[in-house]
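The next block holds one structure in the form of structure tokens; read it before the comments.
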Amino acid sequence: MYAEPELRLGHTPETASLSPLYATMANHEIYATMVNHDNSQKLEGPLASSAASPPDGGIESWLVVFGGWCCYFSSYGWLSSIGIFQTYYEQNLLRSYPPSTISWILSVQAFILTVMAPVNGKIFDSYGPNSLIRIGSFLHISGIMMLSLSTQYYQIFLSQSLCSGIGVAMIFHGATNAVTTWFRERRGLALGLASSGASIGGVIMPIMFERLVHHIGFGWTVRAIAFMLLGLQVIGVLTIRSHLDHRPKPIHLSEFVAPFKETPYALNALGCFCAMWGILIPFNYIALSAQSAGISPGLAIYMIPILNGASLIGRVFPPWAGDHLGRFNTAVIFLSLGTLLVLAMWIPSSLSPSPALTITFSALFGLPLGCFAAILPALVAQITVDIRQIGVRLGATFFVTAWAALTGQPIAGALLQRGQGLGRMEFVYLKVFCGITIALGAIFLTAARISSKGWRLLERA
């Protein structure tokens, strides 16, 4: 006879069968076990499907990680390269449109990635990653191919924002959840290795675009990128599998609303919203702002690869530090660092004709950028008592941040228009908005941490 579920904290993969949406990105999960009277552990009832321990290594497991790396490269790596399109569209294809209008193309793509989290998580829970990866690959590659033929605003929006955007979201969520089902002790390492594909993709694609577009034109440059991603997605389709048995499960929409009645959860969601509002802005505008400061276009475009390269460190080191310092503490520290970098380096860089300050900012800002992307799921997991609700709770949080991803870039574009006529300082309003919103994110996450753990600021939380 077994007692009621006992909830514990730890790095265990038994959570994999329990709505592994995005929660499985976190390095620190909560798991539930049935404990009997002689202290042995066994999973029964709704947790029975996760009873078998994942292999935590072996050829098949690491092949899934490799496939995940390819999918991260194709999906989040593509999204991390959006700045090259903002710059190119403003100066070429869509130069008759204001920056705020152009930025809708790119912000909608980021919006779709996050707003589809509950949907893709539900599909994964019920059917596994195969349908997500295959359909997502078709939509993503088809969208990029159609983008290569596009010349009008509506054509670019339909192909890049909608078709490719939906495909990116399906690939990303399917790969992330699949990797986590194969690991226990090495789950953080496995996810870190897989997610490094996003940083590498964010370095290679902007450089590839810049080197090719002046020689073979926009259409063939985009097609060349599409063929490269097609090869990577073939590997993803062939290697990514789930270690779980998946069965269709019912949907209860009220589950997505209930978490907001909890003060720590609501404050955390608000903090993530504010941080997301500002932290993606450099992706779009760092190259343009560098050119405005007097840096040559050939050098300015490399600010994006530098930013993405540095984010590789931010994706790995801060979450590891969170094991020892606390996840909320770590998130607040790195968001505060991001605020200081924007206000103390990015704004003054507009006045400096030397590229050194802008390059330094690009390299250092990758740390808070990568940290926020990697640690956000762990924050929600920490304030989740019942692991069976983790998929729903993370889906609700990402749904909230989706609206920040949607509106942040257009607001930044409108602020850029407001600054026209200020010379090198035309980006000042945009940069102030970026810094303030990241600071607000740090403040609300601090409030969530205090609401959850109290005022003992030196305590790990």
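Scheme for the structure tokens: letters A, B, ... for chains in order shown; per-chain residue numbers from 1; ligand numbers from 1 in order shown.
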Tell me, which residues of stretch 271-429 of chain A carry DSSP alpha helix (DSSP H), written as an mmCIF file with C-alpha atoms, in the first residue's frame?
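Final file, selection-v1.cif:
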```
data_model
loop_
_atom_site.group_PDB
_atom_site.id
_atom_site.type_symbol
_atom_site.label_atom_id
_atom_site.label_comp_id
_atom_site.auth_asym_id
_atom_site.auth_seq_id
_atom_site.Cartn_x
_atom_site.Cartn_y
_atom_site.Cartn_z
ATOM 1 C CA GLY A 271 8.953 40.096 -14.586
ATOM 2 C CA CYS A 272 9.483 37.773 -17.545
ATOM 3 C CA PHE A 273 7.136 39.927 -19.643
ATOM 4 C CA CYS A 274 9.085 43.122 -18.878
ATOM 5 C CA ALA A 275 12.466 41.492 -19.453
ATOM 6 C CA MET A 276 11.312 39.989 -22.756
ATOM 7 C CA TRP A 277 10.064 43.421 -23.824
ATOM 8 C CA GLY A 278 13.566 44.832 -23.809
ATOM 9 C CA ILE A 279 16.087 42.041 -24.029
ATOM 10 C CA ILE A 281 15.739 44.707 -28.959
ATOM 11 C CA PRO A 282 19.522 44.490 -29.544
ATOM 12 C CA PHE A 283 18.909 41.510 -31.853
ATOM 13 C CA ASN A 284 17.117 43.830 -34.268
ATOM 14 C CA TYR A 285 18.853 47.150 -33.842
ATOM 15 C CA ILE A 286 22.457 46.685 -32.741
ATOM 16 C CA ALA A 287 23.758 46.613 -36.327
ATOM 17 C CA LEU A 288 21.750 49.685 -37.330
ATOM 18 C CA SER A 289 22.761 51.602 -34.218
ATOM 19 C CA ALA A 290 26.413 50.742 -34.872
ATOM 20 C CA GLN A 291 26.152 52.213 -38.368
ATOM 21 C CA SER A 292 24.464 55.300 -36.945
ATOM 22 C CA PRO A 297 28.294 48.611 -42.533
ATOM 23 C CA GLY A 298 30.736 45.755 -43.159
ATOM 24 C CA LEU A 299 31.811 45.777 -39.508
ATOM 25 C CA ALA A 300 28.419 46.692 -38.025
ATOM 26 C CA MET A 303 27.716 42.820 -34.013
ATOM 27 C CA ILE A 304 24.960 40.193 -34.313
ATOM 28 C CA PRO A 305 27.327 37.177 -34.550
ATOM 29 C CA ILE A 306 29.348 38.582 -31.649
ATOM 30 C CA LEU A 307 26.165 38.913 -29.575
ATOM 31 C CA ASN A 308 25.064 35.376 -30.401
ATOM 32 C CA GLY A 309 28.517 33.926 -29.793
ATOM 33 C CA ALA A 310 28.654 35.451 -26.315
ATOM 34 C CA SER A 311 25.165 34.155 -25.551
ATOM 35 C CA LEU A 312 26.590 30.632 -25.760
ATOM 36 C CA ILE A 313 28.402 31.303 -22.476
ATOM 37 C CA GLY A 314 25.255 32.876 -21.033
ATOM 38 C CA ARG A 315 23.220 29.778 -21.801
ATOM 39 C CA VAL A 316 25.593 27.455 -19.942
ATOM 40 C CA PHE A 317 27.379 29.231 -17.071
ATOM 41 C CA PRO A 318 24.567 31.217 -15.354
ATOM 42 C CA PRO A 319 22.161 28.244 -15.068
ATOM 43 C CA TRP A 320 25.035 26.231 -13.595
ATOM 44 C CA ALA A 321 25.691 29.091 -11.151
ATOM 45 C CA GLY A 322 21.982 29.019 -10.304
ATOM 46 C CA ASP A 323 22.510 25.560 -8.794
ATOM 47 C CA HIS A 324 24.634 27.185 -6.108
ATOM 48 C CA LEU A 325 23.353 30.772 -5.838
ATOM 49 C CA ARG A 327 17.829 30.602 -9.814
ATOM 50 C CA PHE A 328 15.958 33.789 -8.945
ATOM 51 C CA ASN A 329 19.114 35.300 -7.491
ATOM 52 C CA THR A 330 21.038 34.445 -10.654
ATOM 53 C CA ALA A 331 18.321 35.807 -12.966
ATOM 54 C CA VAL A 332 18.143 39.095 -11.050
ATOM 55 C CA ILE A 333 21.940 39.484 -11.075
ATOM 56 C CA PHE A 334 22.258 38.970 -14.820
ATOM 57 C CA LEU A 335 19.233 41.108 -15.724
ATOM 58 C CA SER A 336 20.712 43.869 -13.579
ATOM 59 C CA LEU A 337 23.958 43.421 -15.488
ATOM 60 C CA GLY A 338 22.014 43.752 -18.739
ATOM 61 C CA THR A 339 20.457 47.010 -17.526
ATOM 62 C CA LEU A 340 23.859 48.449 -16.638
ATOM 63 C CA LEU A 341 25.332 47.429 -19.988
ATOM 64 C CA ILE A 347 23.812 54.569 -25.017
ATOM 65 C CA PRO A 348 27.309 56.162 -24.765
ATOM 66 C CA SER A 349 28.448 54.091 -27.768
ATOM 67 C CA PRO A 355 33.874 50.462 -32.671
ATOM 68 C CA ALA A 356 35.478 49.244 -29.430
ATOM 69 C CA LEU A 357 32.598 50.255 -27.143
ATOM 70 C CA THR A 358 29.923 48.768 -29.400
ATOM 71 C CA ILE A 359 31.864 45.515 -29.856
ATOM 72 C CA THR A 360 32.409 45.275 -26.109
ATOM 73 C CA PHE A 361 28.709 45.816 -25.453
ATOM 74 C CA SER A 362 27.775 43.135 -28.003
ATOM 75 C CA ALA A 363 30.083 40.617 -26.365
ATOM 76 C CA LEU A 364 29.029 41.348 -22.788
ATOM 77 C CA PHE A 365 25.275 41.648 -23.446
ATOM 78 C CA GLY A 366 25.262 38.070 -24.693
ATOM 79 C CA LEU A 367 25.632 36.939 -21.079
ATOM 80 C CA PRO A 368 22.289 38.294 -19.733
ATOM 81 C CA LEU A 369 20.614 37.479 -23.042
ATOM 82 C CA GLY A 370 21.673 33.834 -22.937
ATOM 83 C CA CYS A 371 20.983 33.582 -19.208
ATOM 84 C CA PHE A 372 17.396 34.803 -19.522
ATOM 85 C CA ALA A 373 16.655 32.418 -22.404
ATOM 86 C CA ALA A 374 18.039 29.436 -20.480
ATOM 87 C CA ILE A 375 16.863 30.112 -16.925
ATOM 88 C CA LEU A 376 13.274 31.267 -17.512
ATOM 89 C CA PRO A 377 11.794 27.724 -17.441
ATOM 90 C CA ALA A 378 13.720 26.944 -14.242
ATOM 91 C CA LEU A 379 12.143 29.949 -12.506
ATOM 92 C CA VAL A 380 8.652 28.631 -13.154
ATOM 93 C CA ALA A 381 9.662 25.108 -12.146
ATOM 94 C CA GLN A 382 10.962 26.412 -8.814
ATOM 95 C CA ILE A 390 4.408 22.220 -14.857
ATOM 96 C CA GLY A 391 3.568 22.051 -18.563
ATOM 97 C CA VAL A 392 0.438 24.130 -18.102
ATOM 98 C CA ARG A 393 2.180 26.664 -15.874
ATOM 99 C CA LEU A 394 5.105 27.122 -18.218
ATOM 100 C CA GLY A 395 2.807 27.327 -21.199
ATOM 101 C CA ALA A 396 0.851 30.111 -19.480
ATOM 102 C CA THR A 397 4.060 32.009 -18.681
ATOM 103 C CA PHE A 398 5.324 31.783 -22.239
ATOM 104 C CA PHE A 399 1.919 32.864 -23.505
ATOM 105 C CA VAL A 400 2.317 36.052 -21.450
ATOM 106 C CA THR A 401 5.851 36.719 -22.672
ATOM 107 C CA ALA A 402 4.691 36.174 -26.246
ATOM 108 C CA TRP A 403 2.891 39.528 -26.166
ATOM 109 C CA ALA A 404 6.094 41.237 -25.091
ATOM 110 C CA ALA A 405 7.940 39.588 -27.979
ATOM 111 C CA LEU A 406 5.184 40.760 -30.329
ATOM 112 C CA THR A 407 5.081 44.421 -29.265
ATOM 113 C CA GLY A 408 8.654 45.130 -28.156
ATOM 114 C CA GLN A 409 10.203 45.542 -31.605
ATOM 115 C CA PRO A 410 7.448 47.759 -33.063
ATOM 116 C CA ILE A 411 7.634 50.006 -29.982
ATOM 117 C CA ALA A 412 11.390 50.205 -30.460
ATOM 118 C CA GLY A 413 10.873 51.090 -34.123
ATOM 119 C CA ALA A 414 8.429 53.855 -33.203
ATOM 120 C CA LEU A 415 10.932 55.227 -30.670
ATOM 121 C CA LEU A 416 13.603 55.184 -33.369
ATOM 122 C CA GLN A 417 11.365 57.300 -35.588
ATOM 123 C CA ARG A 418 10.883 59.718 -32.703
ATOM 124 C CA VAL A 428 18.625 57.106 -27.546
ATOM 125 C CA TYR A 429 14.884 56.643 -26.882
#
```
Q: Pick out the residues sitting within 9 Å of A:Thr263, and hand them over as a count of residues only; count only C-alpha atoms, and ignore anything fewer than 3 positions along from it in its own chain.
A: 8
Q: Tell me which protein, DNA and RNA residues are within 12 Å of A:Met170, counting only C-alpha atoms, leaving out same-chain ones fewer than 3 positions away, and put them as a ChimeraX atom specification.
A: /A:21,71-72,74-76,112-124,128-140,163-167,173-177
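The strand (DSSP E) portion of stretch 32-222 of chain A consists of Ala32, Thr33, Met34, Val35, Gln41 and Lys42 of chain A, with states taken from DSSP on the backbone.
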Please dump the current selection as a PDB file, in the first residue's frame; keep C-alpha atoms.
```pdb
ATOM      1  CA  ALA A  32       6.694  13.129  -7.571  1.00  0.00           C
ATOM      2  CA  THR A  33       7.167   9.622  -6.273  1.00  0.00           C
ATOM      3  CA  MET A  34       5.002   7.196  -4.426  1.00  0.00           C
ATOM      4  CA  VAL A  35       6.770   6.141  -1.256  1.00  0.00           C
ATOM      5  CA  GLN A  41      10.118   4.004  -4.244  1.00  0.00           C
ATOM      6  CA  LYS A  42       7.777   3.081  -6.998  1.00  0.00           C
TER       7      LYS A  42
END
```
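You can rank A:Ala344, A:Leu212, A:Met425, A:Ala194 by their closest distance to A:Ala293 using only C-alpha atoms, and at the top of that list sits A:Met425.
With only C-alpha atoms as the atoms that count, the residue of A:Val213, A:Ser53, A:His252, A:Tyr89 with the shortest distance to A:Ile156 is A:Tyr89.
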Q | Separation of atom CA of A:Trp69 from atom CA of A:Leu193, in Å and rounded to one decimal | A | 7.0 Å
Q) Looking at only C-alpha atoms, which of A:Tyr153, A:Ile144, A:Leu343, A:Glu255 is the one that sits closest to A:Pro98? A) A:Tyr153
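For the set A:Gly201, A:Gln86, A:Tyr302, A:Lys431, the residue with the smallest atom-to-atom gap to A:Thr101 is A:Gln86, counting only C-alpha atoms.
Ranking A:Ala169, A:Val234, A:Phe227, A:Leu93 by their shortest atom-to-atom distance to A:Ser142, with only C-alpha atoms included, puts A:Phe227 first.
The coordinates place atom CA of A:Ala178 at 29.0 Å from atom CA of A:Met146.
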